[in-house]
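As stored in structure.pdb (PDB, C-alpha atoms and all ligand atoms):
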MODEL        1
ATOM      1  CA  LYS A   1     -20.422   9.070  16.234
ATOM      2  CA  LYS A   2     -18.217  10.980  13.857
ATOM      3  CA  ARG A   3     -16.764   9.304  10.774
ATOM      4  CA  PRO A   4     -13.240   8.070  11.540
ATOM      5  CA  PHE A   5     -10.526  10.421  10.264
ATOM      6  CA  GLN A   6      -9.270   9.195   6.890
ATOM      7  CA  VAL A   7      -5.689   9.573   5.652
ATOM      8  CA  ALA A   8      -5.032   8.514   2.032
ATOM      9  CA  ILE A   9      -1.412   7.864   1.025
ATOM     10  CA  ASP A  10      -0.558   7.265  -2.633
ATOM     11  CA  GLY A  11       2.620   7.313  -4.686
ATOM     12  CA  PRO A  12       4.900   5.240  -6.908
ATOM     13  CA  ALA A  13       6.541   1.965  -5.845
ATOM     14  CA  ALA A  14       8.857   2.086  -2.821
ATOM     15  CA  SER A  15       8.246   5.776  -2.192
ATOM     16  CA  GLY A  16       7.758   4.943   1.488
ATOM     17  CA  LYS A  17       3.973   4.628   1.611
ATOM     18  CA  SER A  18       3.548   1.563   3.780
ATOM     19  CA  THR A  19       6.361   2.332   6.225
ATOM     20  CA  THR A  20       5.080   5.882   6.640
ATOM     21  CA  ALA A  21       1.402   4.856   6.821
ATOM     22  CA  LYS A  22       2.044   2.249   9.516
ATOM     23  CA  MET A  23       4.030   4.646  11.677
ATOM     24  CA  VAL A  24       1.442   7.418  11.267
ATOM     25  CA  ALA A  25      -1.238   4.900  12.318
ATOM     26  CA  GLN A  26       0.844   3.911  15.326
ATOM     27  CA  ARG A  27       1.380   7.503  16.437
ATOM     28  CA  LEU A  28      -2.292   8.441  16.064
ATOM     29  CA  GLY A  29      -3.907   5.164  17.192
ATOM     30  CA  PHE A  30      -5.471   4.682  13.753
ATOM     31  CA  ASP A  31      -6.071   1.533  11.744
ATOM     32  CA  TYR A  32      -3.854   0.739   8.769
ATOM     33  CA  ILE A  33      -4.863  -0.915   5.486
ATOM     34  CA  ASP A  34      -2.277  -1.887   2.834
ATOM     35  CA  THR A  35      -4.242  -2.133  -0.425
ATOM     36  CA  GLY A  36      -1.203  -3.247  -2.464
ATOM     37  CA  ALA A  37      -1.271  -6.493  -0.449
ATOM     38  CA  PHE A  38      -4.657  -7.355  -2.028
ATOM     39  CA  TYR A  39      -3.313  -7.086  -5.583
ATOM     40  CA  ARG A  40      -0.226  -9.053  -4.544
ATOM     41  CA  CYS A  41      -2.418 -11.828  -3.058
ATOM     42  CA  VAL A  42      -4.496 -12.139  -6.244
ATOM     43  CA  THR A  43      -1.258 -12.319  -8.258
ATOM     44  CA  LEU A  44       0.177 -14.994  -5.959
ATOM     45  CA  ALA A  45      -3.047 -17.019  -6.125
ATOM     46  CA  ALA A  46      -2.971 -16.920  -9.934
ATOM     47  CA  LEU A  47       0.725 -17.830 -10.215
ATOM     48  CA  SER A  48       0.322 -20.734  -7.805
ATOM     49  CA  LYS A  49      -2.402 -22.131 -10.097
ATOM     50  CA  GLY A  50      -0.032 -21.778 -13.071
ATOM     51  CA  ILE A  51      -1.974 -18.845 -14.508
ATOM     52  CA  ASN A  52       0.145 -16.001 -15.888
ATOM     53  CA  PRO A  53      -1.450 -12.596 -15.065
ATOM     54  CA  SER A  54       0.570 -10.880 -17.807
ATOM     55  CA  ASP A  55      -1.098 -13.024 -20.507
ATOM     56  CA  PRO A  56      -4.163 -11.032 -21.688
ATOM     57  CA  SER A  57      -6.078 -14.246 -22.479
ATOM     58  CA  ASN A  58      -6.152 -15.003 -18.722
ATOM     59  CA  THR A  59      -8.099 -11.887 -17.716
ATOM     60  CA  GLY A  60     -11.328 -13.773 -16.970
ATOM     61  CA  LYS A  61      -9.557 -16.406 -14.878
ATOM     62  CA  ILE A  62      -7.718 -13.776 -12.848
ATOM     63  CA  ALA A  63     -10.990 -11.907 -12.266
ATOM     64  CA  SER A  64     -12.660 -14.999 -10.803
ATOM     65  CA  ILE A  65      -9.611 -15.727  -8.641
ATOM     66  CA  ALA A  66      -9.902 -12.162  -7.304
ATOM     67  CA  GLY A  67     -13.582 -12.685  -6.543
ATOM     68  CA  GLU A  68     -12.979 -15.926  -4.643
ATOM     69  CA  ALA A  69      -9.802 -15.035  -2.717
ATOM     70  CA  GLN A  70     -10.268 -14.544   1.023
ATOM     71  CA  ILE A  71      -7.778 -11.864   2.027
ATOM     72  CA  SER A  72      -7.220 -10.456   5.487
ATOM     73  CA  LEU A  73      -4.649  -8.179   7.088
ATOM     74  CA  GLU A  74      -3.462  -8.041  10.665
ATOM     75  CA  THR A  75      -1.303  -5.153  11.786
ATOM     76  CA  VAL A  76       0.461  -5.444  15.120
ATOM     77  CA  PHE A  77       1.315  -2.146  16.794
ATOM     78  CA  PRO A  78       4.024  -3.134  19.303
ATOM     79  CA  GLU A  79       3.797  -0.144  21.602
ATOM     80  CA  ARG A  80       1.423   2.680  20.969
ATOM     81  CA  THR A  81       3.324   5.820  21.815
ATOM     82  CA  THR A  82       2.956   9.531  21.349
ATOM     83  CA  SER A  83       6.681  10.151  20.997
ATOM     84  CA  SER A  84       8.316   9.633  17.627
ATOM     85  CA  ALA A  85      11.357   7.797  18.943
ATOM     86  CA  SER A  86      11.795   4.396  20.643
ATOM     87  CA  ALA A  87       8.799   2.414  19.356
ATOM     88  CA  SER A  88       9.620  -0.605  17.205
ATOM     89  CA  PRO A  89       7.837  -0.389  13.853
ATOM     90  CA  PRO A  90       4.416  -1.984  13.358
ATOM     91  CA  THR A  91       4.231  -5.127  11.227
ATOM     92  CA  THR A  92       1.448  -6.310   8.944
ATOM     93  CA  ARG A  93       0.724 -10.004   8.338
ATOM     94  CA  VAL A  94      -1.202 -10.861   5.192
ATOM     95  CA  TYR A  95      -3.449 -13.939   4.945
ATOM     96  CA  LEU A  96      -4.702 -15.516   1.734
ATOM     97  CA  ASP A  97      -7.352 -18.197   2.323
ATOM     98  CA  SER A  98      -6.186 -18.329   5.966
ATOM     99  CA  ILE A  99      -2.536 -18.945   5.028
ATOM    100  CA  ASP A 100       0.141 -16.433   6.034
ATOM    101  CA  VAL A 101       1.615 -15.250   2.720
ATOM    102  CA  SER A 102       3.365 -12.130   4.081
ATOM    103  CA  SER A 103       6.728 -13.002   2.522
ATOM    104  CA  GLU A 104       5.474 -14.895  -0.561
ATOM    105  CA  ILE A 105       3.666 -11.791  -1.845
ATOM    106  CA  ARG A 106       6.935  -9.761  -1.865
ATOM    107  CA  THR A 107       8.961 -12.024  -4.200
ATOM    108  CA  ALA A 108      10.336 -10.692  -7.493
ATOM    109  CA  GLN A 109       8.000 -13.090  -9.338
ATOM    110  CA  VAL A 110       4.880 -11.560  -7.756
ATOM    111  CA  SER A 111       6.235  -8.004  -8.191
ATOM    112  CA  LYS A 112       6.833  -8.683 -11.876
ATOM    113  CA  HIS A 113       3.189  -9.580 -12.558
ATOM    114  CA  VAL A 114       1.276  -7.530  -9.982
ATOM    115  CA  SER A 115       0.752  -4.448 -12.185
ATOM    116  CA  ALA A 116      -0.820  -6.620 -14.904
ATOM    117  CA  THR A 117      -3.220  -8.073 -12.328
ATOM    118  CA  ALA A 118      -4.045  -4.605 -11.007
ATOM    119  CA  ALA A 119      -4.844  -3.282 -14.499
ATOM    120  CA  ILE A 120      -7.848  -5.641 -14.822
ATOM    121  CA  GLY A 121     -11.058  -3.715 -14.128
ATOM    122  CA  ALA A 122     -12.888  -6.689 -12.577
ATOM    123  CA  VAL A 123      -9.945  -7.323 -10.230
ATOM    124  CA  ARG A 124     -10.052  -3.696  -9.070
ATOM    125  CA  GLU A 125     -13.809  -3.968  -8.423
ATOM    126  CA  ALA A 126     -13.301  -7.127  -6.365
ATOM    127  CA  VAL A 127     -10.519  -5.508  -4.320
ATOM    128  CA  LEU A 128     -12.554  -2.338  -3.808
ATOM    129  CA  HIS A 129     -15.423  -4.469  -2.489
ATOM    130  CA  LYS A 130     -13.064  -6.244  -0.068
ATOM    131  CA  VAL A 131     -11.437  -3.073   1.302
ATOM    132  CA  ARG A 132     -14.821  -1.401   1.710
ATOM    133  CA  SER A 133     -16.058  -4.362   3.735
ATOM    134  CA  ILE A 134     -13.174  -3.901   6.198
ATOM    135  CA  GLY A 135     -13.963  -0.283   6.884
ATOM    136  CA  ALA A 136     -12.859   1.840   3.964
ATOM    137  CA  ASN A 137     -16.108   3.573   3.224
ATOM    138  CA  ASP A 138     -17.727   6.895   3.751
ATOM    139  CA  ASP A 139     -20.727   6.052   5.891
ATOM    140  CA  PHE A 140     -19.675   3.689   8.617
ATOM    141  CA  ALA A 141     -20.823   5.860  11.490
ATOM    142  CA  GLU A 142     -22.864   3.055  13.020
ATOM    143  CA  GLY A 143     -21.590  -0.517  13.365
ATOM    144  CA  ALA A 144     -18.267   0.362  11.835
ATOM    145  CA  ALA A 145     -15.738  -2.378  11.163
ATOM    146  CA  THR A 146     -13.092   0.105  12.250
ATOM    147  CA  ALA A 147     -12.616   0.211  16.006
ATOM    148  CA  ARG A 148     -10.277   3.171  16.076
ATOM    149  CA  ASP A 149     -10.667   6.912  15.572
ATOM    150  CA  GLY A 150      -9.141   6.887  12.149
ATOM    151  CA  LEU A 151      -7.799   5.002   9.223
ATOM    152  CA  VAL A 152      -4.597   5.277   7.181
ATOM    153  CA  MET A 153      -4.759   3.557   3.807
ATOM    154  CA  ASP A 154      -2.011   3.338   1.199
ATOM    155  CA  GLY A 155      -1.953   2.391  -2.474
ATOM    156  CA  ARG A 156      -2.211   4.009  -5.893
ATOM    157  CA  ASP A 157      -5.845   5.159  -6.141
ATOM    158  CA  ILE A 158      -6.780   5.835  -2.526
ATOM    159  CA  GLY A 159      -7.158   9.614  -2.843
ATOM    160  CA  THR A 160      -8.734   9.392  -6.292
ATOM    161  CA  VAL A 161     -11.074   6.372  -6.061
ATOM    162  CA  VAL A 162     -11.139   4.468  -2.761
ATOM    163  CA  LEU A 163     -11.421   7.396  -0.320
ATOM    164  CA  PRO A 164     -12.276  10.408  -2.512
ATOM    165  CA  ASN A 165     -13.466  12.351   0.549
ATOM    166  CA  ALA A 166     -10.432  11.588   2.727
ATOM    167  CA  ASP A 167      -9.642  14.241   5.344
ATOM    168  CA  LEU A 168      -5.988  14.283   4.289
ATOM    169  CA  LYS A 169      -4.430  13.075   1.034
ATOM    170  CA  ILE A 170      -0.678  12.629   0.712
ATOM    171  CA  PHE A 171       1.181  11.837  -2.514
ATOM    172  CA  LEU A 172       4.649  10.511  -1.658
ATOM    173  CA  VAL A 173       7.431  10.737  -4.238
ATOM    174  CA  ALA A 174      11.197  10.052  -4.308
ATOM    175  CA  ASN A 175      13.586   9.660  -7.224
ATOM    176  CA  SER A 176      13.869   6.147  -8.620
ATOM    177  CA  GLN A 177      17.513   5.619  -7.630
ATOM    178  CA  VAL A 178      16.720   6.440  -3.990
ATOM    179  CA  ARG A 179      13.642   4.211  -4.117
ATOM    180  CA  ALA A 180      15.600   1.306  -5.643
ATOM    181  CA  GLU A 181      18.314   1.544  -2.996
ATOM    182  CA  ARG A 182      15.752   1.654  -0.194
ATOM    183  CA  ARG A 183      13.809  -1.302  -1.602
ATOM    184  CA  LEU A 184      17.012  -3.342  -2.053
ATOM    185  CA  GLN A 185      17.992  -2.738   1.582
ATOM    186  CA  GLU A 186      14.496  -3.752   2.649
ATOM    187  CA  LEU A 187      14.608  -6.986   0.597
ATOM    188  CA  ILE A 188      18.021  -7.876   2.027
ATOM    189  CA  LYS A 189      16.827  -7.177   5.557
ATOM    190  CA  ASN A 190      13.832  -9.456   5.037
ATOM    191  CA  GLY A 191      16.031 -12.343   3.888
ATOM    192  CA  ALA A 192      15.949 -11.246   0.219
ATOM    193  CA  ASP A 193      14.229 -13.249  -2.442
ATOM    194  CA  PRO A 194      15.262 -16.899  -2.568
ATOM    195  CA  ALA A 195      14.139 -17.306  -6.184
ATOM    196  CA  SER A 196      15.973 -14.353  -7.643
ATOM    197  CA  GLY A 197      19.630 -15.122  -6.993
ATOM    198  CA  VAL A 198      21.833 -12.100  -6.432
ATOM    199  CA  LEU A 199      19.792  -8.922  -6.249
ATOM    200  CA  GLN A 200      21.181  -5.894  -8.059
ATOM    201  CA  VAL A 201      20.036  -2.345  -7.484
ATOM    202  CA  GLU A 202      19.589  -1.943 -11.277
ATOM    203  CA  ASP A 203      17.164  -4.891 -11.381
ATOM    204  CA  VAL A 204      15.157  -3.435  -8.516
ATOM    205  CA  ARG A 205      15.083  -0.026 -10.194
ATOM    206  CA  LYS A 206      13.894  -1.591 -13.455
ATOM    207  CA  ASP A 207      11.070  -3.418 -11.662
ATOM    208  CA  LEU A 208       9.947  -0.215  -9.919
ATOM    209  CA  GLU A 209      10.063   1.852 -13.115
ATOM    210  CA  GLN A 210       8.218  -0.779 -15.163
ATOM    211  CA  ARG A 211       5.466  -1.070 -12.568
ATOM    212  CA  ASP A 212       5.146   2.714 -12.246
ATOM    213  CA  GLU A 213       4.769   2.996 -16.015
ATOM    214  CA  LEU A 214       2.049   0.304 -16.121
ATOM    215  CA  ASP A 215       0.313   1.777 -13.070
ATOM    216  CA  ARG A 216       0.323   5.333 -14.505
ATOM    217  CA  THR A 217      -0.884   4.402 -17.974
ATOM    218  CA  ARG A 218      -3.620   1.837 -17.253
ATOM    219  CA  LYS A 219      -7.212   2.749 -18.092
ATOM    220  CA  VAL A 220      -8.826   1.968 -14.723
ATOM    221  CA  SER A 221      -7.830   3.952 -11.625
ATOM    222  CA  PRO A 222      -4.311   4.848 -12.755
ATOM    223  CA  LEU A 223      -1.632   6.025 -10.339
ATOM    224  CA  LYS A 224      -2.069   9.773 -10.143
ATOM    225  CA  LYS A 225      -2.006  12.571  -7.627
ATOM    226  CA  ALA A 226      -5.479  13.694  -6.585
ATOM    227  CA  PRO A 227      -5.930  17.439  -7.204
ATOM    228  CA  ASP A 228      -6.357  18.030  -3.466
ATOM    229  CA  ALA A 229      -3.409  15.833  -2.389
ATOM    230  CA  VAL A 230      -0.275  17.227  -0.763
ATOM    231  CA  GLU A 231       2.904  16.095  -2.534
ATOM    232  CA  LEU A 232       5.775  15.128  -0.262
ATOM    233  CA  ASP A 233       9.223  14.319  -1.707
ATOM    234  CA  THR A 234      10.946  11.887   0.667
ATOM    235  CA  SER A 235      14.257  11.713  -1.269
ATOM    236  CA  GLY A 236      15.975  13.902   1.305
ATOM    237  CA  LEU A 237      13.801  13.129   4.323
ATOM    238  CA  THR A 238      14.160  10.615   7.132
ATOM    239  CA  ILE A 239      11.248   8.315   7.902
ATOM    240  CA  GLU A 240      10.716  10.094  11.219
ATOM    241  CA  GLY A 241      10.735  13.408   9.346
ATOM    242  CA  GLN A 242       8.003  12.448   6.916
ATOM    243  CA  VAL A 243       5.932  10.793   9.677
ATOM    244  CA  ASP A 244       6.219  13.957  11.812
ATOM    245  CA  ILE A 245       4.988  16.136   8.934
ATOM    246  CA  ILE A 246       1.903  13.971   8.376
ATOM    247  CA  VAL A 247       1.122  13.498  12.090
ATOM    248  CA  SER A 248       1.244  17.249  12.768
ATOM    249  CA  THR A 249      -0.907  17.959   9.701
ATOM    250  CA  VAL A 250      -3.529  15.482  10.969
ATOM    251  CA  LYS A 251      -3.450  17.017  14.451
ATOM    252  CA  GLY A 252      -3.871  20.476  12.968
ATOM    253  CA  LEU A 253      -6.868  19.357  10.927
ATOM    254  CA  GLN A 254      -8.424  17.498  13.880
ATOM    255  CA  SER A 255      -8.169  20.553  16.131
ATOM    256  CA  ARG A 256     -10.160  22.528  13.560
ATOM    257  CA  GLN A 257     -12.904  19.878  13.153
TER
HETATM  258  O1  LIG B   1       5.172  -1.720  -2.029
HETATM  259  P1  LIG B   1       5.173  -1.464  -3.504
HETATM  260  O2  LIG B   1       5.059  -0.001  -3.793
HETATM  261  O3  LIG B   1       6.277  -2.125  -4.231
HETATM  262  O4  LIG B   1       3.869  -2.111  -4.109
HETATM  263  P2  LIG B   1       2.441  -2.276  -3.458
HETATM  264  O5  LIG B   1       1.990  -1.044  -2.786
HETATM  265  O6  LIG B   1       2.434  -3.544  -2.688
HETATM  266  O7  LIG B   1       1.544  -2.437  -4.769
HETATM  267  C1  LIG B   1       1.812  -3.466  -5.702
HETATM  268  C2  LIG B   1       1.065  -3.169  -6.976
HETATM  269  O8  LIG B   1      -0.340  -3.244  -6.724
HETATM  270  C3  LIG B   1       1.286  -1.795  -7.594
HETATM  271  O9  LIG B   1       2.427  -1.751  -8.437
HETATM  272  C4  LIG B   1      -0.008  -1.585  -8.373
HETATM  273  O10 LIG B   1       0.042  -2.232  -9.627
HETATM  274  C5  LIG B   1      -1.040  -2.318  -7.526
HETATM  275  N1  LIG B   1      -1.836  -1.422  -6.675
HETATM  276  C6  LIG B   1      -2.872  -0.731  -7.274
HETATM  277  O11 LIG B   1      -3.053  -0.819  -8.485
HETATM  278  N2  LIG B   1      -3.715   0.038  -6.531
HETATM  279  C7  LIG B   1      -3.528   0.162  -5.209
HETATM  280  N3  LIG B   1      -4.374   0.915  -4.500
HETATM  281  C8  LIG B   1      -2.460  -0.502  -4.588
HETATM  282  C9  LIG B   1      -1.610  -1.285  -5.354
HETATM  283  O1  LIG B   2       4.940   1.205   0.418
HETATM  284  P1  LIG B   2       6.010   1.663  -0.520
HETATM  285  O2  LIG B   2       6.283   0.667  -1.582
HETATM  286  O3  LIG B   2       5.763   3.034  -1.071
HETATM  287  O4  LIG B   2       7.337   1.825   0.297
HETATM  288  P2  LIG B   2       7.850   0.971   1.542
HETATM  289  O5  LIG B   2       7.469  -0.450   1.390
HETATM  290  O6  LIG B   2       7.442   1.683   2.783
HETATM  291  O7  LIG B   2       9.409   0.987   1.322
HETATM  292  C1  LIG B   2      10.167   2.136   1.435
HETATM  293  C2  LIG B   2      11.516   1.785   2.073
HETATM  294  O8  LIG B   2      12.257   2.993   2.146
HETATM  295  C3  LIG B   2      11.389   1.254   3.482
HETATM  296  O9  LIG B   2      12.366   0.271   3.706
HETATM  297  C4  LIG B   2      11.659   2.457   4.345
HETATM  298  O10 LIG B   2      12.234   2.121   5.580
HETATM  299  C5  LIG B   2      12.646   3.243   3.485
HETATM  300  N1  LIG B   2      12.702   4.698   3.699
HETATM  301  C6  LIG B   2      11.583   5.510   3.602
HETATM  302  O11 LIG B   2      10.477   5.004   3.358
HETATM  303  N2  LIG B   2      11.675   6.864   3.802
HETATM  304  C7  LIG B   2      12.847   7.439   4.084
HETATM  305  N3  LIG B   2      12.923   8.750   4.265
HETATM  306  C8  LIG B   2      13.995   6.621   4.177
HETATM  307  C9  LIG B   2      13.882   5.256   3.973
ENDMDL
END
Translate the structure of the given file into structure tokens.
Ligand code: CDP
Ligand code: CDP
Amino acid sequence: KKRPFQVAIDGPAASGKSTTAKMVAQRLGFDYIDTGAFYRCVTLAALSKGINPSDPSNTGKIASIAGEAQISLETVFPERTTSSASASPPTTRVYLDSIDVSSEIRTAQVSKHVSATAAIGAVREAVLHKVRSIGANDDFAEGAATARDGLVMDGRDIGTVVLPNADLKIFLVANSQVRAERRLQELIKNGADPASGVLQVEDVRKDLEQRDELDRTRKVSPLKKAPDAVELDTSGLTIEGQVDIIVSTVKGLQSRQ
């Protein structure tokens, strides 16, 4: 059996990675793995134990929390379809130690500390181990965890570190004002953030820019475009537009394999 087709999607915060990745997976019948959810779960686990990930003296504690955390993802694809229109978007539930934390991991509090968590080398190793065990590896021809023909994975270091031999690498970008407005709409739609009071677009933009800066400048697996990745600016695109571009690129590559 051939190795499942691998699509790596990286880019800065709120550039559209997870929305795009899920819809590409739906259109192609591929699996979807959100790696950001793993770093968010470790951050949530630390905060709920009263441990501040942004305090450098807590590095060891955060690393052992990352090692012990049981994290699983479940993506529901409502109606697999080959047409771009009509289907309702797929949704991913995230479980930390068997508890559904899908909304808790998106709060402003978790967002504020997640880049500090993700900069810890031992945390990255633990997360890499977890995502590999659910199918993100290069040699799962036999007995693969992945049931489908392919895998779409999104994050910051997918094309550079997690799936260096991916069949297609996409680097999504959009200007920070556009990203902040999109993320604000998304937070409002999902019932906003109860802890944060009134959400302002400037606050959202600041959070995104601060995280991008930390993610780009950290020593281990920084956010960066892989040399063989295709950059796609979504500032002026619709979601359907960017999904169409990626789906047709995958189909083109598959027909040549
Ligand atoms: O959805 P959003 O872009 O806001 O964030 P996310 O994809 O959930 O990722 C949250 C944070 O996890 C990022 O800001 C990174 O610090 C970290 N992350 C990472 O370091 N490597 C990945 N492959 C994915 C996420
Ligand atoms: O995963 P990442 O943080 O990169 O982005 P996301 O969680 O998918 O959030 C991007 C938001 O922008 C979502 O609410 C999308 O619906 C929206 N959006 C987009 O991704 N692309 C467009 N062309 C227009 C809107």
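Residue membership of the PyMOL selection byres (((not hetatm)) within 6 of (chain B and resi 2)) in the shown file amounts to Ala13, Ala14, Ser15, Gly16, Lys17, Ser18, Thr19, Arg182, Arg183, Glu186, Thr234, Leu237, Thr238 and Ile239 of chain A.
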>> Residues near range 170-180 of chain A, anyone? I mean within 9 Å using all atoms listed in the file, not counting same-chain ones fewer than 5 positions away, as a PyMOL selection string.
In response: chain A and resi 7-17+159+185+201-209+224-226+228-236+246
On this structure, which residues satisfy the PyMOL selection byres (((not hetatm)) within 7 of (chain B and resi 1)), written as a PDB file with C-alpha atoms, in the frame of the given file?
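part_7.pdb written:
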ATOM      1  CA  PRO A  12       4.900   5.240  -6.908  1.00  0.00           C
ATOM      2  CA  ALA A  13       6.541   1.965  -5.845  1.00  0.00           C
ATOM      3  CA  ALA A  14       8.857   2.086  -2.821  1.00  0.00           C
ATOM      4  CA  SER A  15       8.246   5.776  -2.192  1.00  0.00           C
ATOM      5  CA  SER A  18       3.548   1.563   3.780  1.00  0.00           C
ATOM      6  CA  THR A  35      -4.242  -2.133  -0.425  1.00  0.00           C
ATOM      7  CA  GLY A  36      -1.203  -3.247  -2.464  1.00  0.00           C
ATOM      8  CA  ALA A  37      -1.271  -6.493  -0.449  1.00  0.00           C
ATOM      9  CA  TYR A  39      -3.313  -7.086  -5.583  1.00  0.00           C
ATOM     10  CA  ARG A  40      -0.226  -9.053  -4.544  1.00  0.00           C
ATOM     11  CA  SER A 111       6.235  -8.004  -8.191  1.00  0.00           C
ATOM     12  CA  VAL A 114       1.276  -7.530  -9.982  1.00  0.00           C
ATOM     13  CA  SER A 115       0.752  -4.448 -12.185  1.00  0.00           C
ATOM     14  CA  ALA A 116      -0.820  -6.620 -14.904  1.00  0.00           C
ATOM     15  CA  ALA A 118      -4.045  -4.605 -11.007  1.00  0.00           C
ATOM     16  CA  ALA A 119      -4.844  -3.282 -14.499  1.00  0.00           C
ATOM     17  CA  ASP A 154      -2.011   3.338   1.199  1.00  0.00           C
ATOM     18  CA  GLY A 155      -1.953   2.391  -2.474  1.00  0.00           C
ATOM     19  CA  ARG A 156      -2.211   4.009  -5.893  1.00  0.00           C
ATOM     20  CA  ASP A 157      -5.845   5.159  -6.141  1.00  0.00           C
ATOM     21  CA  ILE A 158      -6.780   5.835  -2.526  1.00  0.00           C
ATOM     22  CA  ARG A 211       5.466  -1.070 -12.568  1.00  0.00           C
ATOM     23  CA  ASP A 212       5.146   2.714 -12.246  1.00  0.00           C
ATOM     24  CA  ASP A 215       0.313   1.777 -13.070  1.00  0.00           C
TER      25      ASP A 215
END
> Can you list, as a count of residues only, every protein, DNA or RNA residue that comes within 6 Å of range 67-75 of chain A when you count only C-alpha atoms, leaving out same-chain residues fewer than 2 positions away?
Replying inline: 10
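What separates CA of Arg256 in chain A from CA of Leu163 in chain A is a distance of 20.6 Å.
Using all atoms listed in the file, every residue with an atom at most 8 Å from the point (-10.7, 2.2, -0.2) is listed here: Thr35, Leu128, Val131, Arg132, Ala136, Asn137, Met153, Ile158, Val161, Val162 and Leu163 of chain A.
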> Using all atoms listed in the file, which residue out of A:Ala25, A:Leu44, A:Ile188, A:Val76 lies closest to Glu104 in chain A?
Replying inline: A:Leu44
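Relative to CA of Val101 in chain A, CA of Val24 in chain A is found at 24.2 Å.
Close contacts of Gly150 in chain A, defined as residues with an atom at most 6 Å away when counting only C-alpha atoms, with chain neighbours fewer than 6 positions off set aside, comprise Pro4, Phe5, Gln6 and Phe30 of chain A.
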For the residues in the current selection, export C-alpha atoms as an mmCIF file, in the coordinates of the input.
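In the end it all went to out.cif:
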data_model
loop_
_atom_site.group_PDB
_atom_site.id
_atom_site.type_symbol
_atom_site.label_atom_id
_atom_site.label_comp_id
_atom_site.auth_asym_id
_atom_site.auth_seq_id
_atom_site.Cartn_x
_atom_site.Cartn_y
_atom_site.Cartn_z
ATOM 1 C CA PRO A 4 -13.240 8.070 11.540
ATOM 2 C CA PHE A 5 -10.526 10.421 10.264
ATOM 3 C CA GLN A 6 -9.270 9.195 6.890
ATOM 4 C CA PHE A 30 -5.471 4.682 13.753
#
>> Quick one: residues within 9 Å of Lys61 in chain A, only C-alpha atoms, excluding same-chain residues fewer than 6 positions away - as a ChimeraX atom specification?
In response: /A:46,51,53
Incomplete range 60-70 of chain A brought to N, CA, C and O atoms, written out as a PDB file, in the coordinates of the input:
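Saved as result_19.pdb:
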ATOM      1  N   GLY A  60     -10.129 -13.230 -17.613  1.00  0.00           N
ATOM      2  CA  GLY A  60     -11.328 -13.773 -16.970  1.00  0.00           C
ATOM      3  C   GLY A  60     -11.000 -14.669 -15.792  1.00  0.00           C
ATOM      4  O   GLY A  60     -11.637 -14.579 -14.731  1.00  0.00           O
ATOM      5  N   LYS A  61      -9.976 -15.496 -15.965  1.00  0.00           N
ATOM      6  CA  LYS A  61      -9.557 -16.406 -14.878  1.00  0.00           C
ATOM      7  C   LYS A  61      -9.058 -15.616 -13.673  1.00  0.00           C
ATOM      8  O   LYS A  61      -9.366 -15.937 -12.524  1.00  0.00           O
ATOM      9  N   ILE A  62      -8.268 -14.584 -13.944  1.00  0.00           N
ATOM     10  CA  ILE A  62      -7.718 -13.776 -12.848  1.00  0.00           C
ATOM     11  C   ILE A  62      -8.866 -13.068 -12.113  1.00  0.00           C
ATOM     12  O   ILE A  62      -8.869 -12.965 -10.891  1.00  0.00           O
ATOM     13  N   ALA A  63      -9.852 -12.594 -12.885  1.00  0.00           N
ATOM     14  CA  ALA A  63     -10.990 -11.907 -12.266  1.00  0.00           C
ATOM     15  C   ALA A  63     -11.739 -12.854 -11.329  1.00  0.00           C
ATOM     16  O   ALA A  63     -12.129 -12.453 -10.218  1.00  0.00           O
ATOM     17  N   SER A  64     -11.928 -14.124 -11.728  1.00  0.00           N
ATOM     18  CA  SER A  64     -12.660 -14.999 -10.803  1.00  0.00           C
ATOM     19  C   SER A  64     -11.808 -15.399  -9.599  1.00  0.00           C
ATOM     20  O   SER A  64     -12.331 -15.541  -8.492  1.00  0.00           O
ATOM     21  N   ILE A  65     -10.495 -15.480  -9.797  1.00  0.00           N
ATOM     22  CA  ILE A  65      -9.611 -15.727  -8.641  1.00  0.00           C
ATOM     23  C   ILE A  65      -9.736 -14.570  -7.643  1.00  0.00           C
ATOM     24  O   ILE A  65      -9.832 -14.777  -6.436  1.00  0.00           O
ATOM     25  N   ALA A  66      -9.779 -13.343  -8.178  1.00  0.00           N
ATOM     26  CA  ALA A  66      -9.902 -12.162  -7.304  1.00  0.00           C
ATOM     27  C   ALA A  66     -11.217 -12.198  -6.531  1.00  0.00           C
ATOM     28  O   ALA A  66     -11.270 -11.849  -5.348  1.00  0.00           O
ATOM     29  N   GLY A  67     -12.281 -12.628  -7.205  1.00  0.00           N
ATOM     30  CA  GLY A  67     -13.582 -12.685  -6.543  1.00  0.00           C
ATOM     31  C   GLY A  67     -13.613 -13.705  -5.422  1.00  0.00           C
ATOM     32  O   GLY A  67     -14.218 -13.469  -4.371  1.00  0.00           O
ATOM     33  N   GLU A  68     -12.916 -14.834  -5.616  1.00  0.00           N
ATOM     34  CA  GLU A  68     -12.979 -15.926  -4.643  1.00  0.00           C
ATOM     35  C   GLU A  68     -11.974 -15.798  -3.504  1.00  0.00           C
ATOM     36  O   GLU A  68     -12.184 -16.359  -2.425  1.00  0.00           O
ATOM     37  N   ALA A  69     -10.873 -15.086  -3.719  1.00  0.00           N
ATOM     38  CA  ALA A  69      -9.802 -15.035  -2.717  1.00  0.00           C
ATOM     39  C   ALA A  69     -10.292 -14.420  -1.406  1.00  0.00           C
ATOM     40  O   ALA A  69     -10.936 -13.373  -1.411  1.00  0.00           O
ATOM     41  N   GLN A  70      -9.980 -15.097  -0.304  1.00  0.00           N
ATOM     42  CA  GLN A  70     -10.268 -14.544   1.023  1.00  0.00           C
ATOM     43  C   GLN A  70      -8.982 -13.896   1.518  1.00  0.00           C
ATOM     44  O   GLN A  70      -8.003 -14.599   1.767  1.00  0.00           O
TER      45      GLN A  70
END
